[in-house]
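Participant: Pasting a structure here, questions to come.
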Amino acid sequence: MRKTLLLIIFLSCFCAHAEELEVIHRAKSWLALIDNGQYQQSWQQADSLFKQTMPQSNWSKALKQVRVPLGKVVLRKNLSLMNYDSLPGTPDGEYVIIQFQSQFMNRDHAVETVSLSKSSGQWQPIGYFIN
């Protein structure tokens with residue numbers, strides 16, 4: 001019985017870690033589109049909630065104003081990952097907020113925050129901020 005319980009605990013931890021890795025990979029893949037100036041593709045891969053609040057033309061304009069001046073990414077490393085059941089202005093669901101410590105050609109220290117939702121069955125971005 002004890003071995004079964006330990007196995008269940010191990011598998012639960014393993015599955016949680018695997019999902020965290022999946023979410024981080026998804027966020028980094030989406031950020032790579034932004035890094036490469038593929039703003040239309042990044043908008044298309046975002047969650048419908050994102051698309052409802054951020055028209056594609058506004059998204060491209062915002063990224064050109066905020067992201068382009070930073071230059072190429074030099075370094076991006078995971079800083080934190082937090083799970084939530086709800087976020088302000090969103091329905092209850094599965095959400096993750098990931099922060100990355102980033103360095104750009106024209107800015108040594110920045111924190112990028114990517115919010116993702118699993119409302120459609122897969123993790124999709126619903127927000128992006130750079131501080």
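Chain labels run A, B, ... following the order of the structure tokens; each chain numbers its residues from 1, and ligands are numbered from 1 in the order shown.
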Using only C-alpha atoms, what table do you get, as a Markdown table, when you list each residue of stretch 24-47 of chain A with an atom no more than 12 Å from stretch 79-102 of chain A, its nearest pair of atoms, and their distance in Å rounded to one decimal, rows by chain then rising number?
Facilitator:
| residue | atom | partner | partner_atom | distance |
| --- | --- | --- | --- | --- |
| A:Ile24 | CA | A:Ile98 | CA | 7.4 |
| A:His25 | CA | A:Ile98 | CA | 10.9 |
| A:Arg26 | CA | A:Ile98 | CA | 10.7 |
| A:Ala27 | CA | A:Ile98 | CA | 7.9 |
| A:Lys28 | CA | A:Phe100 | CA | 9.4 |
| A:Leu31 | CA | A:Phe100 | CA | 10.6 |
| A:Asp35 | CA | A:Ser102 | CA | 11.9 |
| A:Asp47 | CA | A:Tyr95 | CA | 11.5 |
Participant: Convert the current residue selection to file output with C-alpha atoms, as a PDB file, in the first residue's frame.
Facilitator:
ATOM      1  CA  ILE A  24       6.950  27.307 -20.589  1.00  0.00           C
ATOM      2  CA  HIS A  25       7.704  25.878 -24.026  1.00  0.00           C
ATOM      3  CA  ARG A  26       4.437  27.311 -25.369  1.00  0.00           C
ATOM      4  CA  ALA A  27       5.216  30.757 -23.947  1.00  0.00           C
ATOM      5  CA  LYS A  28       8.768  30.744 -25.317  1.00  0.00           C
ATOM      6  CA  LEU A  31       7.725  34.942 -27.688  1.00  0.00           C
ATOM      7  CA  ASP A  35      11.230  38.242 -31.360  1.00  0.00           C
ATOM      8  CA  ASP A  47      -6.467  32.946 -27.161  1.00  0.00           C
TER       9      ASP A  47
END
Participant: Compile the contact shell of stretch 57-68 of chain A as a PyMOL selection string: residues with an atom at most 9 Å away, counting only C-alpha atoms, same-chain residues fewer than 6 positions apart removed.
Facilitator: chain A and resi 34-35+37+39-40+43+130
Participant: For a quick check of understanding, using only C-alpha atoms, which of A:Gln41, A:Asn78, A:Gln52, A:Asn36 has the smallest distance to A:Gly127?
Facilitator: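 Between A:Gln41, A:Asn78, A:Gln52, A:Asn36, the residue approaching A:Gly127 most closely is A:Gln52.
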Participant: Once DSSP has gone over the backbone, tell me which residues of chain A are in alpha helix (DSSP H), as JSON, numbers by chain.
Facilitator: {"A": [2, 3, 4, 5, 6, 7, 8, 9, 10, 11, 12, 13, 14, 15, 16, 17, 18, 19, 20, 21, 22, 23, 24, 25, 26, 27, 28, 29, 30, 31, 32, 33, 34, 35, 39, 40, 41, 42, 43, 44, 48, 49, 50, 51, 52, 53, 56, 57, 58, 59, 60, 61, 62, 63, 64, 65, 66]}
Participant: Between A:Gly121, A:Asn131, A:Gln44, A:Glu112, single out the one closest to A:Arg76, counting only C-alpha atoms.
Facilitator: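 The answer is A:Glu112, which sits nearest to A:Arg76.
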